[in-house]
>>> print(open('my_file.pdb').read())   # PDB, C-alpha atoms, pLDDT in the B column
ATOM      1  CA  MET A   1      23.060 -52.083-217.818  1.00 38.00           C
ATOM      2  CA  SER A   2      21.319 -49.048-216.364  1.00 41.00           C
ATOM      3  CA  GLY A   3      19.735 -46.869-219.029  1.00 49.00           C
ATOM      4  CA  HIS A   4      20.078 -49.479-221.769  1.00 58.00           C
ATOM      5  CA  PRO A   5      16.943 -49.850-223.951  1.00 59.00           C
ATOM      6  CA  PHE A   6      16.810 -53.586-223.237  1.00 59.00           C
ATOM      7  CA  THR A   7      15.839 -52.905-219.638  1.00 57.00           C
ATOM      8  CA  ALA A   8      12.423 -52.074-221.145  1.00 58.00           C
ATOM      9  CA  PRO A   9      10.183 -54.373-223.206  1.00 62.00           C
ATOM     10  CA  GLY A  10      10.538 -54.403-227.026  1.00 67.00           C
ATOM     11  CA  PRO A  11      10.199 -54.283-229.909  1.00 83.00           C
ATOM     12  CA  PHE A  12      13.549 -52.635-230.595  1.00 83.00           C
ATOM     13  CA  ARG A  13      15.460 -51.164-233.539  1.00 86.00           C
ATOM     14  CA  ALA A  14      19.064 -51.637-234.612  1.00 84.00           C
ATOM     15  CA  ASP A  15      19.916 -48.002-233.840  1.00 85.00           C
ATOM     16  CA  GLN A  16      19.161 -48.728-230.178  1.00 83.00           C
ATOM     17  CA  ILE A  17      21.988 -51.252-230.020  1.00 81.00           C
ATOM     18  CA  ARG A  18      25.488 -49.956-229.437  1.00 83.00           C
ATOM     19  CA  ASP A  19      28.630 -51.281-231.049  1.00 84.00           C
ATOM     20  CA  GLY A  20      29.811 -54.143-228.827  1.00 80.00           C
ATOM     21  CA  ASP A  21      26.443 -54.860-227.200  1.00 79.00           C
ATOM     22  CA  PRO A  22      25.851 -58.647-226.955  1.00 83.00           C
ATOM     23  CA  TYR A  23      22.556 -58.561-228.846  1.00 83.00           C
ATOM     24  CA  GLU A  24      21.073 -59.312-232.219  1.00 81.00           C
ATOM     25  CA  LEU A  25      17.522 -58.527-233.345  1.00 83.00           C
ATOM     26  CA  SER A  26      14.944 -60.708-235.049  1.00 87.00           C
ATOM     27  CA  ASP A  27      11.883 -58.727-236.117  1.00 86.00           C
ATOM     28  CA  GLY A  28      12.489 -56.303-233.278  1.00 84.00           C
ATOM     29  CA  HIS A  29      12.991 -58.943-230.596  1.00 85.00           C
ATOM     30  CA  ALA A  30      16.324 -58.921-228.757  1.00 81.00           C
ATOM     31  CA  ILE A  31      18.484 -62.046-228.831  1.00 78.00           C
ATOM     32  CA  HIS A  32      21.256 -62.262-226.270  1.00 79.00           C
ATOM     33  CA  CYS A  33      24.471 -63.518-227.899  1.00 80.00           C
ATOM     34  CA  MET A  34      26.944 -65.197-225.578  1.00 68.00           C
ATOM     35  CA  THR A  35      30.713 -65.164-226.008  1.00 76.00           C
ATOM     36  CA  ALA A  36      32.406 -67.990-227.896  1.00 80.00           C
ATOM     37  CA  GLY A  37      34.003 -71.014-226.272  1.00 83.00           C
ATOM     38  CA  GLU A  38      37.702 -71.776-226.685  1.00 86.00           C
ATOM     39  CA  ARG A  39      37.358 -74.136-229.661  1.00 87.00           C
ATOM     40  CA  HIS A  40      34.803 -71.903-231.342  1.00 88.00           C
ATOM     41  CA  ALA A  41      36.936 -68.768-230.938  1.00 86.00           C
ATOM     42  CA  ARG A  42      40.085 -70.369-232.298  1.00 88.00           C
ATOM     43  CA  ALA A  43      38.374 -71.869-235.344  1.00 89.00           C
ATOM     44  CA  ASN A  44      36.685 -68.535-236.034  1.00 89.00           C
ATOM     45  CA  LEU A  45      40.072 -66.823-236.249  1.00 89.00           C
ATOM     46  CA  GLU A  46      41.456 -69.429-238.664  1.00 92.00           C
ATOM     47  CA  GLY A  47      38.484 -69.227-240.993  1.00 94.00           C
ATOM     48  CA  GLY A  48      38.440 -65.456-240.874  1.00 93.00           C
ATOM     49  CA  ARG A  49      41.985 -65.034-242.123  1.00 92.00           C
ATOM     50  CA  VAL A  50      41.485 -67.525-244.951  1.00 94.00           C
ATOM     51  CA  LEU A  51      38.404 -65.723-246.230  1.00 95.00           C
ATOM     52  CA  ALA A  52      39.802 -62.228-245.656  1.00 92.00           C
ATOM     53  CA  THR A  53      42.849 -62.880-247.860  1.00 93.00           C
ATOM     54  CA  ASP A  54      41.038 -64.344-250.866  1.00 94.00           C
ATOM     55  CA  PRO A  55      42.037 -62.117-253.823  1.00 93.00           C
ATOM     56  CA  ALA A  56      38.485 -61.849-255.151  1.00 92.00           C
ATOM     57  CA  VAL A  57      36.864 -60.598-251.943  1.00 90.00           C
ATOM     58  CA  ALA A  58      35.202 -57.221-252.391  1.00 82.00           C
ATOM     59  CA  GLY A  59      36.084 -55.183-249.332  1.00 80.00           C
ATOM     60  CA  ALA A  60      37.211 -57.490-246.563  1.00 86.00           C
ATOM     61  CA  ALA A  61      35.992 -60.143-244.160  1.00 89.00           C
ATOM     62  CA  GLY A  62      34.828 -59.108-240.706  1.00 89.00           C
ATOM     63  CA  VAL A  63      34.148 -60.884-237.430  1.00 90.00           C
ATOM     64  CA  ASP A  64      30.783 -60.268-235.735  1.00 90.00           C
ATOM     65  CA  ALA A  65      29.911 -57.464-238.184  1.00 90.00           C
ATOM     66  CA  GLY A  66      26.331 -56.319-237.589  1.00 90.00           C
ATOM     67  CA  PHE A  67      24.011 -56.285-240.607  1.00 92.00           C
ATOM     68  CA  SER A  68      20.855 -54.196-240.187  1.00 91.00           C
ATOM     69  CA  PHE A  69      17.820 -54.813-242.427  1.00 91.00           C
ATOM     70  CA  ASN A  70      14.034 -55.026-242.492  1.00 92.00           C
ATOM     71  CA  GLY A  71      13.659 -51.388-241.524  1.00 91.00           C
ATOM     72  CA  ASP A  72      16.211 -51.804-238.714  1.00 90.00           C
ATOM     73  CA  ARG A  73      14.002 -54.400-237.042  1.00 90.00           C
ATOM     74  CA  ASN A  74      16.620 -57.067-237.734  1.00 89.00           C
ATOM     75  CA  LEU A  75      20.273 -56.974-236.758  1.00 92.00           C
ATOM     76  CA  ARG A  76      22.364 -60.057-237.438  1.00 94.00           C
ATOM     77  CA  ALA A  77      26.066 -60.599-236.824  1.00 91.00           C
ATOM     78  CA  PRO A  78      27.460 -63.860-238.231  1.00 94.00           C
ATOM     79  CA  ASP A  79      30.781 -65.101-236.900  1.00 93.00           C
ATOM     80  CA  ILE A  80      32.342 -64.124-240.249  1.00 95.00           C
ATOM     81  CA  SER A  81      30.905 -61.859-242.959  1.00 95.00           C
ATOM     82  CA  VAL A  82      32.571 -61.512-246.364  1.00 95.00           C
ATOM     83  CA  GLY A  83      32.199 -58.139-248.057  1.00 90.00           C
ATOM     84  CA  VAL A  84      32.660 -55.821-245.084  1.00 90.00           C
ATOM     85  CA  GLY A  85      33.518 -52.203-245.827  1.00 86.00           C
ATOM     86  CA  THR A  86      34.822 -49.294-243.757  1.00 86.00           C
ATOM     87  CA  THR A  87      31.638 -47.243-243.247  1.00 86.00           C
ATOM     88  CA  PRO A  88      30.854 -46.479-239.577  1.00 87.00           C
ATOM     89  CA  GLY A  89      27.813 -48.198-238.130  1.00 89.00           C
ATOM     90  CA  TRP A  90      25.978 -51.347-239.118  1.00 90.00           C
ATOM     91  CA  MET A  91      26.262 -52.931-242.543  1.00 90.00           C
ATOM     92  CA  ARG A  92      23.359 -51.984-244.804  1.00 93.00           C
ATOM     93  CA  GLU A  93      23.972 -54.494-247.576  1.00 93.00           C
ATOM     94  CA  ALA A  94      23.798 -58.228-246.991  1.00 94.00           C
ATOM     95  CA  PRO A  95      27.188 -59.942-246.948  1.00 95.00           C
ATOM     96  CA  PRO A  96      27.296 -62.290-249.961  1.00 96.00           C
ATOM     97  CA  LEU A  97      28.872 -64.988-247.787  1.00 97.00           C
ATOM     98  CA  ALA A  98      28.259 -65.512-244.061  1.00 97.00           C
ATOM     99  CA  VAL A  99      29.814 -68.144-241.808  1.00 97.00           C
ATOM    100  CA  GLU A 100      28.602 -69.344-238.438  1.00 95.00           C
ATOM    101  CA  TYR A 101      30.424 -71.802-236.165  1.00 96.00           C
ATOM    102  CA  ALA A 102      28.047 -74.124-234.280  1.00 93.00           C
ATOM    103  CA  ASP A 103      29.470 -75.683-231.144  1.00 92.00           C
ATOM    104  CA  THR A 104      28.211 -77.187-227.900  1.00 88.00           C
ATOM    105  CA  GLY A 105      25.064 -75.511-226.622  1.00 84.00           C
ATOM    106  CA  GLN A 106      24.013 -74.131-230.004  1.00 86.00           C
ATOM    107  CA  ASP A 107      20.362 -72.990-230.088  1.00 86.00           C
ATOM    108  CA  GLU A 108      19.359 -74.786-233.277  1.00 92.00           C
ATOM    109  CA  GLY A 109      16.046 -73.036-233.720  1.00 92.00           C
ATOM    110  CA  GLU A 110      17.663 -69.618-233.408  1.00 92.00           C
ATOM    111  CA  LEU A 111      20.423 -70.604-235.846  1.00 94.00           C
ATOM    112  CA  GLN A 112      17.926 -71.699-238.492  1.00 95.00           C
ATOM    113  CA  ARG A 113      15.968 -68.474-238.048  1.00 94.00           C
ATOM    114  CA  LYS A 114      19.152 -66.447-238.494  1.00 95.00           C
ATOM    115  CA  ILE A 115      20.050 -68.335-241.684  1.00 97.00           C
ATOM    116  CA  ALA A 116      16.580 -67.873-243.152  1.00 96.00           C
ATOM    117  CA  GLU A 117      16.496 -64.152-242.370  1.00 95.00           C
ATOM    118  CA  MET A 118      19.893 -63.466-243.897  1.00 95.00           C
ATOM    119  CA  LEU A 119      19.223 -65.485-247.054  1.00 97.00           C
ATOM    120  CA  ALA A 120      15.933 -63.644-247.491  1.00 96.00           C
ATOM    121  CA  ALA A 121      17.776 -60.326-247.038  1.00 95.00           C
ATOM    122  CA  GLY A 122      20.272 -61.043-249.829  1.00 96.00           C
ATOM    123  CA  THR A 123      23.048 -63.268-248.485  1.00 97.00           C
ATOM    124  CA  ARG A 124      23.926 -65.729-251.255  1.00 97.00           C
ATOM    125  CA  LEU A 125      25.713 -68.383-249.212  1.00 98.00           C
ATOM    126  CA  PHE A 126      25.574 -69.226-245.525  1.00 98.00           C
ATOM    127  CA  TRP A 127      28.106 -71.771-244.268  1.00 98.00           C
ATOM    128  CA  VAL A 128      27.492 -73.444-240.918  1.00 97.00           C
ATOM    129  CA  VAL A 129      30.676 -75.036-239.583  1.00 96.00           C
ATOM    130  CA  ARG A 130      29.683 -77.858-237.237  1.00 96.00           C
ATOM    131  CA  LEU A 131      32.302 -78.370-234.536  1.00 94.00           C
ATOM    132  CA  THR A 132      30.483 -81.048-232.534  1.00 92.00           C
ATOM    133  CA  GLY A 133      30.723 -84.661-233.644  1.00 92.00           C
ATOM    134  CA  ARG A 134      32.390 -84.986-237.037  1.00 94.00           C
ATOM    135  CA  VAL A 135      33.526 -81.620-238.355  1.00 95.00           C
ATOM    136  CA  ARG A 136      31.561 -80.638-241.445  1.00 97.00           C
ATOM    137  CA  VAL A 137      30.031 -77.627-243.164  1.00 97.00           C
ATOM    138  CA  GLU A 138      26.400 -77.190-244.102  1.00 97.00           C
ATOM    139  CA  VAL A 139      25.971 -75.016-247.185  1.00 98.00           C
ATOM    140  CA  HIS A 140      22.763 -72.974-247.296  1.00 98.00           C
ATOM    141  CA  ALA A 141      21.688 -71.045-250.386  1.00 97.00           C
ATOM    142  CA  PRO A 142      18.324 -69.492-251.344  1.00 96.00           C
ATOM    143  CA  GLY A 143      15.956 -71.992-252.932  1.00 94.00           C
ATOM    144  CA  GLU A 144      18.381 -74.910-252.639  1.00 95.00           C
ATOM    145  CA  LEU A 145      18.558 -77.989-250.455  1.00 96.00           C
ATOM    146  CA  VAL A 146      21.169 -77.900-247.729  1.00 97.00           C
ATOM    147  CA  ARG A 147      24.404 -79.517-248.865  1.00 97.00           C
ATOM    148  CA  VAL A 148      26.929 -81.049-246.441  1.00 97.00           C
ATOM    149  CA  VAL A 149      30.679 -80.930-247.132  1.00 97.00           C
ATOM    150  CA  GLU A 150      32.848 -83.155-244.963  1.00 97.00           C
ATOM    151  CA  LEU A 151      36.170 -82.278-243.321  1.00 96.00           C
ATOM    152  CA  GLU A 152      38.337 -83.396-246.255  1.00 96.00           C
ATOM    153  CA  GLY A 153      36.123 -81.664-248.816  1.00 97.00           C
ATOM    154  CA  VAL A 154      36.333 -78.177-250.310  1.00 97.00           C
ATOM    155  CA  LEU A 155      33.901 -75.285-250.456  1.00 98.00           C
ATOM    156  CA  THR A 156      33.409 -72.913-253.365  1.00 97.00           C
ATOM    157  CA  ALA A 157      31.722 -69.529-253.606  1.00 96.00           C
ATOM    158  CA  PRO A 158      31.529 -68.522-257.291  1.00 95.00           C
ATOM    159  CA  GLY A 159      31.479 -64.783-257.794  1.00 94.00           C
ATOM    160  CA  ILE A 160      32.507 -64.208-254.163  1.00 96.00           C
ATOM    161  CA  LEU A 161      35.793 -66.076-253.677  1.00 96.00           C
ATOM    162  CA  LYS A 162      38.482 -66.872-256.236  1.00 94.00           C
ATOM    163  CA  ASN A 163      39.833 -69.949-254.536  1.00 96.00           C
ATOM    164  CA  PRO A 164      38.165 -73.073-253.172  1.00 96.00           C
ATOM    165  CA  VAL A 165      38.285 -73.288-249.386  1.00 97.00           C
ATOM    166  CA  PRO A 166      39.237 -76.609-247.788  1.00 97.00           C
ATOM    167  CA  VAL A 167      36.877 -77.308-244.922  1.00 97.00           C
ATOM    168  CA  ARG A 168      39.907 -78.152-242.796  1.00 97.00           C
ATOM    169  CA  ALA A 169      41.225 -74.600-243.350  1.00 96.00           C
ATOM    170  CA  LEU A 170      38.192 -73.251-241.476  1.00 96.00           C
ATOM    171  CA  VAL A 171      39.159 -75.103-238.299  1.00 95.00           C
ATOM    172  CA  ASP A 172      42.840 -76.089-238.436  1.00 94.00           C
ATOM    173  CA  ALA A 173      45.772 -73.659-238.136  1.00 93.00           C
ATOM    174  CA  ARG A 174      48.129 -75.472-240.522  1.00 93.00           C
ATOM    175  CA  ALA A 175      45.511 -75.837-243.230  1.00 94.00           C
ATOM    176  CA  ALA A 176      44.580 -72.180-242.724  1.00 93.00           C
ATOM    177  CA  ASP A 177      48.255 -71.220-243.095  1.00 93.00           C
ATOM    178  CA  ALA A 178      48.464 -73.013-246.457  1.00 92.00           C
ATOM    179  CA  ALA A 179      45.240 -71.492-247.776  1.00 93.00           C
ATOM    180  CA  THR A 180      46.203 -68.007-246.578  1.00 93.00           C
ATOM    181  CA  LEU A 181      49.646 -68.255-248.213  1.00 91.00           C
ATOM    182  CA  ARG A 182      48.041 -69.325-251.492  1.00 91.00           C
ATOM    183  CA  ASN A 183      45.657 -66.372-251.333  1.00 90.00           C
ATOM    184  CA  LEU A 184      48.453 -63.882-250.630  1.00 90.00           C
ATOM    185  CA  LEU A 185      50.575 -65.274-253.469  1.00 89.00           C
ATOM    186  CA  ASN A 186      47.603 -64.974-255.838  1.00 88.00           C
ATOM    187  CA  THR A 187      47.107 -61.368-254.786  1.00 87.00           C
ATOM    188  CA  HIS A 188      50.663 -60.641-255.935  1.00 83.00           C
ATOM    189  CA  GLY A 189      50.260 -62.447-259.245  1.00 87.00           C
ATOM    190  CA  TYR A 190      51.640 -65.877-258.345  1.00 81.00           C
ATOM    191  CA  GLU A 191      49.713 -69.120-258.553  1.00 81.00           C
ATOM    192  CA  SER A 192      51.913 -71.029-256.128  1.00 77.00           C
ATOM    193  CA  LEU A 193      55.107 -70.945-254.079  1.00 77.00           C
ATOM    194  CA  ASP A 194      56.742 -73.092-256.778  1.00 82.00           C
ATOM    195  CA  GLU A 195      56.152 -70.256-259.237  1.00 81.00           C
ATOM    196  CA  VAL A 196      57.924 -67.834-256.905  1.00 77.00           C
ATOM    197  CA  ARG A 197      60.862 -70.232-256.595  1.00 83.00           C
ATOM    198  CA  ALA A 198      60.985 -70.669-260.382  1.00 83.00           C
ATOM    199  CA  GLU A 199      61.040 -66.909-260.874  1.00 79.00           C
ATOM    200  CA  GLY A 200      63.914 -66.631-258.427  1.00 84.00           C
ATOM    201  CA  GLU A 201      65.853 -69.347-260.232  1.00 83.00           C
ATOM    202  CA  PHE A 202      65.208 -67.649-263.575  1.00 85.00           C
ATOM    203  CA  ALA A 203      66.394 -64.302-262.216  1.00 84.00           C
ATOM    204  CA  GLY A 204      69.514 -65.988-260.861  1.00 86.00           C
ATOM    205  CA  GLN A 205      70.221 -67.601-264.227  1.00 86.00           C
ATOM    206  CA  LEU A 206      69.908 -64.265-266.036  1.00 85.00           C
ATOM    207  CA  LYS A 207      72.167 -62.533-263.540  1.00 87.00           C
ATOM    208  CA  GLY A 208      74.816 -65.219-263.963  1.00 86.00           C
ATOM    209  CA  GLN A 209      74.739 -64.933-267.754  1.00 86.00           C
ATOM    210  CA  ILE A 210      74.948 -61.130-267.642  1.00 87.00           C
ATOM    211  CA  VAL A 211      77.913 -61.219-265.248  1.00 86.00           C
ATOM    212  CA  ALA A 212      79.690 -63.741-267.497  1.00 83.00           C
ATOM    213  CA  LEU A 213      79.031 -61.691-270.644  1.00 83.00           C
ATOM    214  CA  LEU A 214      80.270 -58.460-269.093  1.00 86.00           C
ATOM    215  CA  GLY A 215      83.320 -60.296-267.775  1.00 81.00           C
ATOM    216  CA  VAL A 216      84.282 -61.616-271.227  1.00 79.00           C
ATOM    217  CA  LEU A 217      83.803 -58.216-272.872  1.00 80.00           C
ATOM    218  CA  GLN A 218      85.895 -56.522-270.192  1.00 82.00           C
ATOM    219  CA  ALA A 219      88.653 -59.161-270.369  1.00 81.00           C
ATOM    220  CA  ARG A 220      88.898 -58.655-274.115  1.00 82.00           C
ATOM    221  CA  GLY A 221      89.047 -54.878-273.758  1.00 85.00           C
ATOM    222  CA  LEU A 222      85.837 -54.294-275.719  1.00 83.00           C
ATOM    223  CA  THR A 223      84.226 -50.989-274.782  1.00 85.00           C
ATOM    224  CA  LEU A 224      80.531 -50.921-273.949  1.00 87.00           C
ATOM    225  CA  SER A 225      78.495 -47.804-274.586  1.00 89.00           C
ATOM    226  CA  PRO A 226      75.751 -46.893-272.053  1.00 90.00           C
ATOM    227  CA  LEU A 227      73.183 -48.000-274.644  1.00 91.00           C
ATOM    228  CA  LEU A 228      74.757 -51.452-274.965  1.00 89.00           C
ATOM    229  CA  ARG A 229      75.022 -51.812-271.183  1.00 89.00           C
ATOM    230  CA  THR A 230      71.305 -51.049-270.904  1.00 90.00           C
ATOM    231  CA  ARG A 231      70.547 -53.552-273.657  1.00 90.00           C
ATOM    232  CA  ILE A 232      72.354 -56.290-271.755  1.00 90.00           C
ATOM    233  CA  ALA A 233      70.810 -55.382-268.393  1.00 89.00           C
ATOM    234  CA  ASP A 234      67.290 -55.356-269.842  1.00 90.00           C
ATOM    235  CA  CYS A 235      67.578 -58.683-271.659  1.00 88.00           C
ATOM    236  CA  ARG A 236      65.290 -61.390-270.238  1.00 88.00           C
ATOM    237  CA  GLU A 237      66.030 -64.096-272.810  1.00 87.00           C
ATOM    238  CA  PRO A 238      68.551 -66.708-271.628  1.00 87.00           C
ATOM    239  CA  ALA A 239      69.081 -68.019-275.166  1.00 90.00           C
ATOM    240  CA  ARG A 240      69.989 -64.565-276.477  1.00 90.00           C
ATOM    241  CA  LEU A 241      72.387 -63.906-273.592  1.00 86.00           C
ATOM    242  CA  GLN A 242      74.061 -67.243-274.256  1.00 88.00           C
ATOM    243  CA  ARG A 243      74.456 -66.359-277.954  1.00 89.00           C
ATOM    244  CA  TRP A 244      75.995 -62.990-277.073  1.00 88.00           C
ATOM    245  CA  LEU A 245      78.376 -64.683-274.652  1.00 84.00           C
ATOM    246  CA  VAL A 246      79.622 -67.081-277.368  1.00 84.00           C
ATOM    247  CA  GLN A 247      79.985 -64.227-279.861  1.00 85.00           C
ATOM    248  CA  ALA A 248      81.860 -62.090-277.332  1.00 81.00           C
ATOM    249  CA  VAL A 249      84.709 -64.608-277.280  1.00 82.00           C
ATOM    250  CA  THR A 250      85.740 -63.819-280.880  1.00 85.00           C
ATOM    251  CA  ALA A 251      83.947 -60.568-281.847  1.00 83.00           C
ATOM    252  CA  GLY A 252      86.050 -57.589-282.862  1.00 86.00           C
ATOM    253  CA  SER A 253      83.779 -55.121-281.046  1.00 88.00           C
ATOM    254  CA  ALA A 254      81.069 -54.993-278.416  1.00 87.00           C
ATOM    255  CA  GLU A 255      78.598 -54.042-281.126  1.00 89.00           C
ATOM    256  CA  ALA A 256      79.464 -57.174-283.118  1.00 88.00           C
ATOM    257  CA  ALA A 257      79.184 -59.325-279.978  1.00 84.00           C
ATOM    258  CA  LEU A 258      75.636 -58.110-279.380  1.00 88.00           C
ATOM    259  CA  ASP A 259      74.537 -58.405-282.993  1.00 83.00           C
TER     260      ASP A 259
END
>>> encode(input="my_file.pdb", output="structure tokens")
Amino acid sequence: MSGHPFTAPGPFRADQIRDGDPYELSDGHAIHCMTAGERHARANLEGGRVLATDPAVAGAAGVDAGFSFNGDRNLRAPDISVGVGTTPGWMREAPPLAVEYADTGQDEGELQRKIAEMLAAGTRLFWVVRLTGRVRVEVHAPGELVRVVELEGVLTAPGILKNPVPVRALVDARAADAATLRNLLNTHGYESLDEVRAEGEFAGQLKGQIVALLGVLQARGLTLSPLLRTRIADCREPARLQRWLVQAVTAGSAEAALD
């Protein structure tokens, strides 16, 4: 592009790269980053929504978020970064978790250099999702040997994510749906969809008991004060409502029925 700094020789700085430019920097040297292939792009979206919805994530997860470090001589943009904020411009703090999808044509030397630079800059975990051959994830962490987790395995990120991430959820839409639903339920205080169903059944049981109790009291002509009506409406104990219902059949007053 005419007037772009990369028409001249380097080294360059991160502030010379514009938002959306297809470049990263490694020690001031420009690296041209190509667009993702079909399989790569789709898997990236699935993994991004799973990580973004984890209830423990500080900030959010971002796609291709640029992280500037080493005096702006390095600019790296993993496929997914966890811990992205809302400040304009490049990230200044290393994402605690970064994810890169490696597909056909991957420059392996460049990938390893990117991993090493980000781990040295403060990233705690770097997951490489291998899409060629058997699907698997390589887990990179500072000072540790690379660990491989196969397609049916799960990934964990203590202190970064609350929930384990099935490897399949990083590449498969249905698995991503299940993991995302779990994360959203957790965010609202539920551990599972079964817990939501159980709460609904419990609420239905209480409502039925309250309707029955009020019906018996009304049929017997027993007057309820506003205070007693509130007491019944606020009760969340099925056993107590059942006891009141039995007592209401023979009690001489509403007060006696709710004793």
>>> atom_distance(input="my_file.pdb", atom1="CA of Ser26 (chain A)", atom2="CA of Asn74 (chain A)")
4.8 Å
>>> atom_distance(input="my_file.pdb", atom1="CA of Gly20 (chain A)", atom2="CA of Ala77 (chain A)")
10.9 Å
>>> residues_around(input="my_file.pdb", residues="Ile31 (chain A)", least_positions_apart="5", cutoff="10 Å", atoms="all atoms listed in the file", output="PyMOL selection string")
chain A and resi 22-26+75-76+110
>>> write_last_selection(input="my_file.pdb", atoms="C-alpha atoms", output="compact mmCIF listing (two decimals), in the coordinates of the input")
# COMPACT_ATOMS: atom_id res chain seq x y z
CA PRO A 22 25.85 -58.65 -226.96
CA TYR A 23 22.56 -58.56 -228.85
CA GLU A 24 21.07 -59.31 -232.22
CA LEU A 25 17.52 -58.53 -233.34
CA SER A 26 14.94 -60.71 -235.05
CA LEU A 75 20.27 -56.97 -236.76
CA ARG A 76 22.36 -60.06 -237.44
CA GLU A 110 17.66 -69.62 -233.41
>>> resolve_selection(input="my_file.pdb", expression="the PyMOL selection byres ((chain A and resi 99-106) around 7)", output="JSON, numbers by chain")
{"A": [40, 78, 79, 80, 81, 97, 98, 107, 108, 126, 127, 128, 129, 130, 131, 132]}
>>> closest_atom_pairs(input="my_file.pdb", of="region 48-119 of chain A", to="region 141-163 of chain A", cutoff="10 Å", atoms="all atoms listed in the file", output="CSV")
residue,atom,partner,partner_atom,distance
A:Leu51,CA,A:Leu161,CA,7.9
A:Ala52,CA,A:Leu161,CA,9.8
A:Thr53,CA,A:Leu161,CA,9.7
A:Asp54,CA,A:Leu161,CA,6.2
A:Pro55,CA,A:Lys162,CA,6.4
A:Ala56,CA,A:Lys162,CA,5.1
A:Val57,CA,A:Leu161,CA,5.8
A:Ala58,CA,A:Ile160,CA,7.7
A:Val82,CA,A:Ile160,CA,8.3
A:Gly83,CA,A:Ile160,CA,8.6
A:Pro95,CA,A:Ile160,CA,9.9
A:Pro96,CA,A:Ile160,CA,7.0
A:Leu97,CA,A:Ile160,CA,7.4
A:Ile115,CA,A:Ala141,CA,9.3
A:Ala116,CA,A:Pro142,CA,8.5
A:Met118,CA,A:Pro142,CA,9.7
A:Leu119,CA,A:Pro142,CA,5.9
>>> closest_residue(input="my_file.pdb", among="A:Leu227, A:Ala256, A:Ala212, A:Val196", to="Gln242 (chain A)", atoms="all atoms listed in the file")
A:Ala212
>>> residues_around(input="my_file.pdb", residues="Leu185 (chain A)", least_positions_apart="2", cutoff="12 Å", atoms="all atoms listed in the file", output="PyMOL selection string")
chain A and resi 53-55+163+178-183+187-197
>>> residues_around(input="my_file.pdb", residues="region 244-255 of chain A", least_positions_apart="2", cutoff="12 Å", atoms="all atoms listed in the file", output="MDAnalysis selection string")
chainID A and resid 208:229 231:232 235 237:242 257:259
>>> residues_around(input="my_file.pdb", residues="Gly48 (chain A)", least_positions_apart="6", cutoff="8 Å", atoms="only C-alpha atoms", output="PyMOL selection string")
chain A and resi 61-63+80+170
>>> atom_distance(input="my_file.pdb", atom1="CA of Arg136 (chain A)", atom2="CA of Phe69 (chain A)")
29.3 Å
>>> resolve_selection(input="my_file.pdb", expression="the PyMOL selection byres ((chain A and resi 73) around 6)", output="short mmCIF file (atom, residue, chain, number, x, y, z; two decimals) with C-alpha atoms, in the frame of the given file")
data_model
loop_
_atom_site.label_atom_id
_atom_site.label_comp_id
_atom_site.auth_asym_id
_atom_site.auth_seq_id
_atom_site.Cartn_x
_atom_site.Cartn_y
_atom_site.Cartn_z
CA ARG A 13 15.46 -51.16 -233.54
CA ASP A 27 11.88 -58.73 -236.12
CA GLY A 28 12.49 -56.30 -233.28
CA ASN A 70 14.03 -55.03 -242.49
CA GLY A 71 13.66 -51.39 -241.52
CA ASP A 72 16.21 -51.80 -238.71
CA ASN A 74 16.62 -57.07 -237.73
#
>>> closest_residue(input="my_file.pdb", among="A:Val171, A:Gly200, A:Lys114, A:Val84", to="Arg39 (chain A)", atoms="only C-alpha atoms")
A:Val171
>>> build_atoms(input="my_file.pdb", residues="region 51-60 of chain A", atoms="N, CA and C atoms", output="PDB file, in the frame of the given file")
ATOM      1  N   LEU A  51      39.369 -66.430-245.397  1.00 95.00           N
ATOM      2  CA  LEU A  51      38.404 -65.723-246.230  1.00 95.00           C
ATOM      3  C   LEU A  51      38.823 -64.282-246.493  1.00 95.00           C
ATOM      4  N   ALA A  52      39.421 -63.637-245.505  1.00 92.00           N
ATOM      5  CA  ALA A  52      39.802 -62.228-245.656  1.00 92.00           C
ATOM      6  C   ALA A  52      40.879 -62.029-246.708  1.00 92.00           C
ATOM      7  N   THR A  53      41.728 -63.038-246.929  1.00 93.00           N
ATOM      8  CA  THR A  53      42.849 -62.880-247.860  1.00 93.00           C
ATOM      9  C   THR A  53      42.540 -63.357-249.268  1.00 93.00           C
ATOM     10  N   ASP A  54      41.355 -63.909-249.503  1.00 94.00           N
ATOM     11  CA  ASP A  54      41.038 -64.344-250.866  1.00 94.00           C
ATOM     12  C   ASP A  54      41.105 -63.142-251.806  1.00 94.00           C
ATOM     13  N   PRO A  55      41.817 -63.278-252.952  1.00 93.00           N
ATOM     14  CA  PRO A  55      42.037 -62.117-253.823  1.00 93.00           C
ATOM     15  C   PRO A  55      40.784 -61.570-254.486  1.00 93.00           C
ATOM     16  N   ALA A  56      39.698 -62.329-254.487  1.00 92.00           N
ATOM     17  CA  ALA A  56      38.485 -61.849-255.151  1.00 92.00           C
ATOM     18  C   ALA A  56      37.512 -61.159-254.207  1.00 92.00           C
ATOM     19  N   VAL A  57      37.798 -61.163-252.916  1.00 90.00           N
ATOM     20  CA  VAL A  57      36.864 -60.598-251.943  1.00 90.00           C
ATOM     21  C   VAL A  57      36.720 -59.099-252.148  1.00 90.00           C
ATOM     22  N   ALA A  58      35.484 -58.654-252.286  1.00 82.00           N
ATOM     23  CA  ALA A  58      35.202 -57.221-252.391  1.00 82.00           C
ATOM     24  C   ALA A  58      35.129 -56.646-250.990  1.00 82.00           C
ATOM     25  N   GLY A  59      36.015 -55.712-250.688  1.00 80.00           N
ATOM     26  CA  GLY A  59      36.084 -55.183-249.332  1.00 80.00           C
ATOM     27  C   GLY A  59      36.980 -56.064-248.494  1.00 80.00           C
ATOM     28  N   ALA A  60      36.424 -56.640-247.454  1.00 86.00           N
ATOM     29  CA  ALA A  60      37.211 -57.490-246.563  1.00 86.00           C
ATOM     30  C   ALA A  60      36.269 -58.484-245.902  1.00 86.00           C
TER      31      ALA A  60
END
